[in-house]
$ cat work.pdb   # PDB, C-alpha atoms
ATOM      1  CA  MET X   1       0.000   0.000   0.000  1.00  0.00           C
ATOM      2  CA  ALA X   2       1.157   3.535  -0.707  1.00  0.00           C
ATOM      3  CA  SER X   3       2.346   5.740   2.110  1.00  0.00           C
ATOM      4  CA  ILE X   4       3.697   9.258   2.577  1.00  0.00           C
ATOM      5  CA  ASP X   5       7.384   9.667   3.411  1.00  0.00           C
ATOM      6  CA  GLU X   6       7.311  12.668   5.771  1.00  0.00           C
ATOM      7  CA  SER X   7      11.101  13.018   5.563  1.00  0.00           C
ATOM      8  CA  LYS X   8      10.748  14.267   1.982  1.00  0.00           C
ATOM      9  CA  GLN X   9       9.648  17.786   1.113  1.00  0.00           C
ATOM     10  CA  PHE X  10       6.423  18.301  -0.867  1.00  0.00           C
ATOM     11  CA  ILE X  11       7.090  19.625  -4.374  1.00  0.00           C
ATOM     12  CA  PRO X  12       4.230  21.743  -5.740  1.00  0.00           C
ATOM     13  CA  LEU X  13       3.443  21.159  -9.400  1.00  0.00           C
ATOM     14  CA  ASN X  14       1.925  23.544 -11.931  1.00  0.00           C
ATOM     15  CA  ILE X  15      -1.345  21.971 -13.024  1.00  0.00           C
ATOM     16  CA  ALA X  16      -3.657  23.220 -15.783  1.00  0.00           C
ATOM     17  CA  VAL X  17      -7.357  22.304 -15.880  1.00  0.00           C
ATOM     18  CA  LEU X  18      -9.328  22.178 -19.123  1.00  0.00           C
ATOM     19  CA  THR X  19     -13.086  21.712 -19.138  1.00  0.00           C
ATOM     20  CA  VAL X  20     -14.468  20.372 -22.412  1.00  0.00           C
ATOM     21  CA  SER X  21     -18.099  21.406 -22.774  1.00  0.00           C
ATOM     22  CA  ASP X  22     -20.496  23.060 -25.184  1.00  0.00           C
ATOM     23  CA  THR X  23     -22.663  24.337 -22.326  1.00  0.00           C
ATOM     24  CA  ARG X  24     -20.444  25.345 -19.400  1.00  0.00           C
ATOM     25  CA  ALA X  25     -18.936  28.680 -18.396  1.00  0.00           C
ATOM     26  CA  LEU X  26     -16.506  29.273 -15.522  1.00  0.00           C
ATOM     27  CA  ALA X  27     -19.400  30.360 -13.303  1.00  0.00           C
ATOM     28  CA  ASP X  28     -21.143  26.961 -13.541  1.00  0.00           C
ATOM     29  CA  ASP X  29     -18.204  24.641 -14.198  1.00  0.00           C
ATOM     30  CA  LYS X  30     -18.507  22.357 -11.169  1.00  0.00           C
ATOM     31  CA  SER X  31     -16.086  19.713 -12.440  1.00  0.00           C
ATOM     32  CA  GLY X  32     -13.316  22.167 -13.301  1.00  0.00           C
ATOM     33  CA  GLN X  33     -13.842  23.926  -9.981  1.00  0.00           C
ATOM     34  CA  THR X  34     -13.683  20.614  -8.122  1.00  0.00           C
ATOM     35  CA  LEU X  35     -10.285  19.905  -9.681  1.00  0.00           C
ATOM     36  CA  ALA X  36      -9.005  23.453  -9.118  1.00  0.00           C
ATOM     37  CA  ASP X  37     -10.049  23.356  -5.472  1.00  0.00           C
ATOM     38  CA  ARG X  38      -8.572  19.934  -4.799  1.00  0.00           C
ATOM     39  CA  LEU X  39      -5.233  20.550  -6.452  1.00  0.00           C
ATOM     40  CA  THR X  40      -4.703  23.874  -4.668  1.00  0.00           C
ATOM     41  CA  GLU X  41      -5.791  22.358  -1.330  1.00  0.00           C
ATOM     42  CA  ALA X  42      -3.109  19.703  -1.885  1.00  0.00           C
ATOM     43  CA  GLY X  43      -0.484  22.449  -2.282  1.00  0.00           C
ATOM     44  CA  HIS X  44      -0.127  22.576  -6.069  1.00  0.00           C
ATOM     45  CA  HIS X  45      -0.464  25.668  -8.264  1.00  0.00           C
ATOM     46  CA  LEU X  46      -3.354  26.178 -10.680  1.00  0.00           C
ATOM     47  CA  ALA X  47      -1.249  27.159 -13.699  1.00  0.00           C
ATOM     48  CA  ALA X  48      -4.170  27.720 -16.085  1.00  0.00           C
ATOM     49  CA  ARG X  49      -7.860  27.019 -16.370  1.00  0.00           C
ATOM     50  CA  GLU X  50      -9.946  27.187 -19.525  1.00  0.00           C
ATOM     51  CA  ILE X  51     -13.154  25.924 -21.062  1.00  0.00           C
ATOM     52  CA  VAL X  52     -13.281  24.797 -24.676  1.00  0.00           C
ATOM     53  CA  THR X  53     -16.090  23.379 -26.803  1.00  0.00           C
ATOM     54  CA  ASP X  54     -16.316  19.719 -27.810  1.00  0.00           C
ATOM     55  CA  ASP X  55     -14.235  20.251 -30.935  1.00  0.00           C
ATOM     56  CA  VAL X  56     -11.138  18.191 -31.763  1.00  0.00           C
ATOM     57  CA  GLU X  57      -9.064  21.085 -33.120  1.00  0.00           C
ATOM     58  CA  ALA X  58     -10.077  23.482 -30.328  1.00  0.00           C
ATOM     59  CA  ILE X  59      -9.157  20.913 -27.664  1.00  0.00           C
ATOM     60  CA  ARG X  60      -5.893  20.047 -29.381  1.00  0.00           C
ATOM     61  CA  ALA X  61      -4.879  23.699 -29.698  1.00  0.00           C
ATOM     62  CA  VAL X  62      -5.134  24.278 -25.939  1.00  0.00           C
ATOM     63  CA  ILE X  63      -3.401  20.997 -25.067  1.00  0.00           C
ATOM     64  CA  ARG X  64      -0.547  21.657 -27.518  1.00  0.00           C
ATOM     65  CA  ARG X  65      -0.061  25.136 -26.054  1.00  0.00           C
ATOM     66  CA  TRP X  66       0.064  23.737 -22.526  1.00  0.00           C
ATOM     67  CA  ILE X  67       2.453  20.913 -23.498  1.00  0.00           C
ATOM     68  CA  ALA X  68       4.803  23.525 -24.967  1.00  0.00           C
ATOM     69  CA  ASP X  69       4.595  25.689 -21.836  1.00  0.00           C
ATOM     70  CA  VAL X  70       7.567  24.854 -19.589  1.00  0.00           C
ATOM     71  CA  GLY X  71       5.554  26.295 -16.690  1.00  0.00           C
ATOM     72  CA  ILE X  72       2.938  23.514 -16.872  1.00  0.00           C
ATOM     73  CA  ASP X  73       3.772  20.082 -15.470  1.00  0.00           C
ATOM     74  CA  VAL X  74       0.359  18.403 -15.580  1.00  0.00           C
ATOM     75  CA  VAL X  75      -2.848  18.854 -17.572  1.00  0.00           C
ATOM     76  CA  ILE X  76      -6.165  17.509 -16.327  1.00  0.00           C
ATOM     77  CA  THR X  77      -9.188  17.635 -18.607  1.00  0.00           C
ATOM     78  CA  THR X  78     -12.784  17.034 -17.613  1.00  0.00           C
ATOM     79  CA  GLY X  79     -15.560  16.233 -20.054  1.00  0.00           C
ATOM     80  CA  GLY X  80     -15.937  14.696 -23.484  1.00  0.00           C
ATOM     81  CA  THR X  81     -14.969  11.129 -22.550  1.00  0.00           C
ATOM     82  CA  GLY X  82     -18.345   9.505 -23.188  1.00  0.00           C
ATOM     83  CA  PHE X  83     -19.827   7.958 -26.331  1.00  0.00           C
ATOM     84  CA  THR X  84     -22.093  10.641 -27.761  1.00  0.00           C
ATOM     85  CA  GLY X  85     -21.308  12.317 -31.053  1.00  0.00           C
ATOM     86  CA  ARG X  86     -19.898  15.410 -29.312  1.00  0.00           C
ATOM     87  CA  ASP X  87     -17.611  13.425 -26.951  1.00  0.00           C
ATOM     88  CA  VAL X  88     -14.243  13.807 -28.685  1.00  0.00           C
ATOM     89  CA  THR X  89     -11.679  14.416 -25.937  1.00  0.00           C
ATOM     90  CA  PRO X  90      -9.811  11.083 -26.362  1.00  0.00           C
ATOM     91  CA  GLU X  91      -9.785  11.518 -30.148  1.00  0.00           C
ATOM     92  CA  ALA X  92      -8.333  15.014 -29.724  1.00  0.00           C
ATOM     93  CA  ILE X  93      -5.683  14.206 -27.130  1.00  0.00           C
ATOM     94  CA  GLU X  94      -4.558  10.582 -27.513  1.00  0.00           C
ATOM     95  CA  PRO X  95      -2.740  11.260 -30.834  1.00  0.00           C
ATOM     96  CA  LEU X  96      -0.575  13.759 -28.922  1.00  0.00           C
ATOM     97  CA  PHE X  97       0.617  11.148 -26.404  1.00  0.00           C
ATOM     98  CA  GLU X  98       4.218  10.022 -26.699  1.00  0.00           C
ATOM     99  CA  LYS X  99       3.401   7.309 -24.171  1.00  0.00           C
ATOM    100  CA  ARG X 100       0.016   6.017 -23.049  1.00  0.00           C
ATOM    101  CA  MET X 101      -0.733   5.407 -19.384  1.00  0.00           C
ATOM    102  CA  ASP X 102      -3.059   2.415 -19.607  1.00  0.00           C
ATOM    103  CA  GLY X 103      -2.848   1.794 -15.859  1.00  0.00           C
ATOM    104  CA  PHE X 104      -4.599   5.093 -15.151  1.00  0.00           C
ATOM    105  CA  SER X 105      -7.716   4.023 -17.029  1.00  0.00           C
ATOM    106  CA  ILE X 106      -7.723   0.667 -15.249  1.00  0.00           C
ATOM    107  CA  ALA X 107      -7.295   2.252 -11.809  1.00  0.00           C
ATOM    108  CA  PHE X 108      -9.956   4.859 -12.569  1.00  0.00           C
ATOM    109  CA  HIS X 109     -12.470   2.215 -13.655  1.00  0.00           C
ATOM    110  CA  MET X 110     -11.759   0.126 -10.557  1.00  0.00           C
ATOM    111  CA  LEU X 111     -12.481   3.130  -8.313  1.00  0.00           C
ATOM    112  CA  SER X 112     -15.510   4.104 -10.343  1.00  0.00           C
ATOM    113  CA  HIS X 113     -16.925   0.572 -10.400  1.00  0.00           C
ATOM    114  CA  ALA X 114     -16.929   0.504  -6.603  1.00  0.00           C
ATOM    115  CA  LYS X 115     -19.179   3.587  -6.624  1.00  0.00           C
ATOM    116  CA  ILE X 116     -21.334   3.365  -9.756  1.00  0.00           C
ATOM    117  CA  GLY X 117     -21.037  -0.268 -10.784  1.00  0.00           C
ATOM    118  CA  THR X 118     -21.038  -1.220 -14.433  1.00  0.00           C
ATOM    119  CA  SER X 119     -21.940   2.332 -15.474  1.00  0.00           C
ATOM    120  CA  THR X 120     -18.194   2.995 -15.366  1.00  0.00           C
ATOM    121  CA  ILE X 121     -17.883   1.429 -18.815  1.00  0.00           C
ATOM    122  CA  GLN X 122     -19.555   4.537 -20.246  1.00  0.00           C
ATOM    123  CA  SER X 123     -16.341   6.515 -19.678  1.00  0.00           C
ATOM    124  CA  ARG X 124     -13.289   6.569 -21.890  1.00  0.00           C
ATOM    125  CA  ALA X 125     -11.015   8.105 -19.227  1.00  0.00           C
ATOM    126  CA  THR X 126      -7.460   8.065 -20.517  1.00  0.00           C
ATOM    127  CA  ALA X 127      -3.998   9.405 -19.734  1.00  0.00           C
ATOM    128  CA  GLY X 128      -0.543   9.730 -21.188  1.00  0.00           C
ATOM    129  CA  VAL X 129       2.631  11.755 -21.407  1.00  0.00           C
ATOM    130  CA  ALA X 130       3.524  14.305 -24.094  1.00  0.00           C
ATOM    131  CA  GLY X 131       6.460  16.694 -24.060  1.00  0.00           C
ATOM    132  CA  ALA X 132       7.289  15.759 -20.442  1.00  0.00           C
ATOM    133  CA  THR X 133       3.769  16.784 -19.433  1.00  0.00           C
ATOM    134  CA  TYR X 134       1.363  14.371 -17.781  1.00  0.00           C
ATOM    135  CA  ILE X 135      -2.139  14.518 -19.263  1.00  0.00           C
ATOM    136  CA  PHE X 136      -5.209  13.005 -17.586  1.00  0.00           C
ATOM    137  CA  CYS X 137      -8.621  13.002 -19.293  1.00  0.00           C
ATOM    138  CA  LEU X 138     -11.500  12.597 -16.862  1.00  0.00           C
ATOM    139  CA  PRO X 139     -15.262  12.397 -17.298  1.00  0.00           C
ATOM    140  CA  GLY X 140     -17.285  15.586 -16.933  1.00  0.00           C
ATOM    141  CA  SER X 141     -18.974  14.861 -13.621  1.00  0.00           C
ATOM    142  CA  PRO X 142     -17.795  16.383 -10.331  1.00  0.00           C
ATOM    143  CA  GLY X 143     -18.021  12.933  -8.735  1.00  0.00           C
ATOM    144  CA  ALA X 144     -15.690  11.400 -11.307  1.00  0.00           C
ATOM    145  CA  CYS X 145     -13.250  14.286 -10.834  1.00  0.00           C
ATOM    146  CA  ARG X 146     -13.329  13.814  -7.052  1.00  0.00           C
ATOM    147  CA  ASP X 147     -12.790  10.078  -7.398  1.00  0.00           C
ATOM    148  CA  ALA X 148      -9.868  10.457  -9.820  1.00  0.00           C
ATOM    149  CA  TRP X 149      -8.176  13.166  -7.747  1.00  0.00           C
ATOM    150  CA  ASP X 150      -8.760  11.622  -4.324  1.00  0.00           C
ATOM    151  CA  GLY X 151      -8.154   8.026  -5.365  1.00  0.00           C
ATOM    152  CA  ILE X 152      -5.268   8.346  -7.844  1.00  0.00           C
ATOM    153  CA  LEU X 153      -3.908  11.760  -8.724  1.00  0.00           C
ATOM    154  CA  LYS X 154      -3.425  13.257  -5.271  1.00  0.00           C
ATOM    155  CA  ALA X 155      -1.023  10.471  -4.295  1.00  0.00           C
ATOM    156  CA  GLN X 156       0.717  10.069  -7.643  1.00  0.00           C
ATOM    157  CA  LEU X 157       1.343  13.830  -7.938  1.00  0.00           C
ATOM    158  CA  ASP X 158       2.884  13.940  -4.439  1.00  0.00           C
ATOM    159  CA  TYR X 159       6.668  13.501  -4.380  1.00  0.00           C
ATOM    160  CA  ARG X 160       6.439  11.964  -0.911  1.00  0.00           C
ATOM    161  CA  THR X 161       4.274   9.003  -1.984  1.00  0.00           C
ATOM    162  CA  ARG X 162       5.986   5.645  -1.653  1.00  0.00           C
ATOM    163  CA  PRO X 163       6.793   3.234  -3.145  1.00  0.00           C
ATOM    164  CA  CYS X 164       6.757   5.483  -6.232  1.00  0.00           C
ATOM    165  CA  ASN X 165       5.078   8.519  -7.774  1.00  0.00           C
ATOM    166  CA  PHE X 166       4.980  10.524 -11.002  1.00  0.00           C
ATOM    167  CA  VAL X 167       6.924  13.482  -9.600  1.00  0.00           C
ATOM    168  CA  GLU X 168      10.117  11.564  -8.940  1.00  0.00           C
ATOM    169  CA  ILE X 169      10.420  10.510 -12.588  1.00  0.00           C
ATOM    170  CA  MET X 170       9.584  13.922 -14.071  1.00  0.00           C
ATOM    171  CA  PRO X 171      13.239  14.974 -14.432  1.00  0.00           C
ATOM    172  CA  ARG X 172      13.768  11.914 -16.631  1.00  0.00           C
ATOM    173  CA  LEU X 173      10.620  12.303 -18.769  1.00  0.00           C
ATOM    174  CA  ASP X 174      12.243  15.015 -20.794  1.00  0.00           C
ATOM    175  CA  GLU X 175      15.744  13.554 -21.160  1.00  0.00           C
ATOM    176  CA  HIS X 176      15.374  13.927 -24.903  1.00  0.00           C
ATOM    177  CA  LEU X 177      14.007  17.486 -24.570  1.00  0.00           C
ATOM    178  CA  ARG X 178      16.351  18.882 -21.912  1.00  0.00           C
ATOM    179  CA  ARG X 179      13.448  20.804 -20.418  1.00  0.00           C
ATOM    180  CA  PRO X 180      13.303  21.431 -16.644  1.00  0.00           C
ATOM    181  CA  LYS X 181      10.270  19.978 -14.920  1.00  0.00           C
ATOM    182  CA  ALA X 182       9.540  19.364 -11.238  1.00  0.00           C
ATOM    183  CA  GLN X 183      12.505  21.365 -10.008  1.00  0.00           C
ATOM    184  CA  GLY X 184      13.896  19.758  -6.879  1.00  0.00           C
ATOM    185  CA  ALA X 185      12.749  16.200  -7.559  1.00  0.00           C
ATOM    186  CA  THR X 186      15.360  13.461  -7.584  1.00  0.00           C
ATOM    187  CA  VAL X 187      14.973   9.788  -8.251  1.00  0.00           C
TER     188      VAL X 187
END
$ encode --input "work.pdb" --output "structure tokens"
Amino acid sequence: MASIDESKQFIPLNIAVLTVSDTRALADDKSGQTLADRLTEAGHHLAAREIVTDDVEAIRAVIRRWIADVGIDVVITTGGTGFTGRDVTPEAIEPLFEKRMDGFSIAFHMLSHAKIGTSTIQSRATAGVAGATYIFCLPGSPGACRDAWDGILKAQLDYRTRPCNFVEIMPRLDEHLRRPKAQGATV
């Protein structure tokens, strides 16, 4: 089981949140706000927050910009992971991945199944790495965002989590790019 090594110092990450929706604005974006609140409560920095429509090119443009931004370590999207005609987040983002993170989807569905049963199969939650930036695509419900943050991301984005975490390998993600990420982290 994972534990926190209190002898290590917490390293705050710069995390961007993108809500994918044709109907939401910042004022009523409960899922994006849930993520923003949770990540700042954990000690991370909200590096950017935007809302974009369910459009492949619009989504991709924001994600590409954030991948290129050396001030953004992690991107979390919410929305557009279902099966309707307008749900295009995986189609927009997965082609950008240099490496897929299949374990994230599995872990997310395990958590979700415990709460909503077989309805979890209606989500195409996905994750990967691009340009030394972690990208997590979550469903558009506040509950799914809470579950993903509380059950997976909070621990994996904490340098103190043992036996391993995403932060400790960030300096090595960009070996081919020579781009500084997660300043202060060592393997």
$ closest_residue --input "work.pdb" --among "X:Val75, X:Leu35, X:Ala16, X:Leu173" --to "X:Glu98" --atoms "all atoms listed in the file"
X:Leu173
$ resolve_selection --input "work.pdb" --expression "the PyMOL selection byres ((chain X and resi 10) around 8)" --output "list in words"
Lys8, Gln9, Ile11, Pro12, Asp158, Tyr159 and Arg160 of chain X
$ residues_around --input "work.pdb" --residues "stretch 49-64 of chain X" --least-positions-apart "4" --cutoff "10 Å" --atoms "all atoms listed in the file" --output "VMD selection string"
chain X and resid 15 to 26 29 32 to 33 36 68 to 69 75 to 80 85 to 96 130 to 131 135
$ residues_around --input "work.pdb" --residues "X:Arg124" --least-positions-apart "4" --cutoff "8 Å" --atoms "only C-alpha atoms" --output "VMD selection string"
chain X and resid 81 to 82 90 105 139
$ residues_around --input "work.pdb" --residues "stretch 106-120 of chain X" --least-positions-apart "4" --cutoff "12 Å" --atoms "all atoms listed in the file" --output "list in words"
Thr81, Gly82, Met101, Asp102, Arg124, Ala125, Thr126, Ala127, Phe136, Cys137, Leu138, Pro139, Ser141, Gly143, Ala144, Cys145, Arg146, Asp147, Ala148, Trp149, Asp150, Gly151, Ile152, Leu153 and Gln156 of chain X
$ atom_distance --input "work.pdb" --atom1 "atom CA of X:Ala48" --atom2 "atom CA of X:Ile169"
22.8 Å
$ closest_residue --input "work.pdb" --among "X:Asp73, X:Asp174, X:Asp37, X:Glu6" --to "X:Thr133" --atoms "all atoms listed in the file"
X:Asp73
$ atom_distance --input "work.pdb" --atom1 "atom CA of X:Thr84" --atom2 "atom CA of X:Gly140"
12.8 Å
$ resolve_selection --input "work.pdb" --expression "the PyMOL selection byres ((chain X and resi 43) around 9)" --output "MDAnalysis selection string"
chainID X and resid 10:13 38:42 44:45
$ closest_residue --input "work.pdb" --among "X:Tyr134, X:Ile121, X:Arg162, X:Leu46" --to "X:Ser7" --atoms "all atoms listed in the file"
X:Arg162
$ atom_distance --input "work.pdb" --atom1 "atom CA of X:Thr34" --atom2 "atom CA of X:Pro163"
27.3 Å
$ closest_residue --input "work.pdb" --among "X:Val167, X:Asn14, X:Ala27, X:Gln122" --to "X:Gly71" --atoms "all atoms listed in the file"
X:Asn14
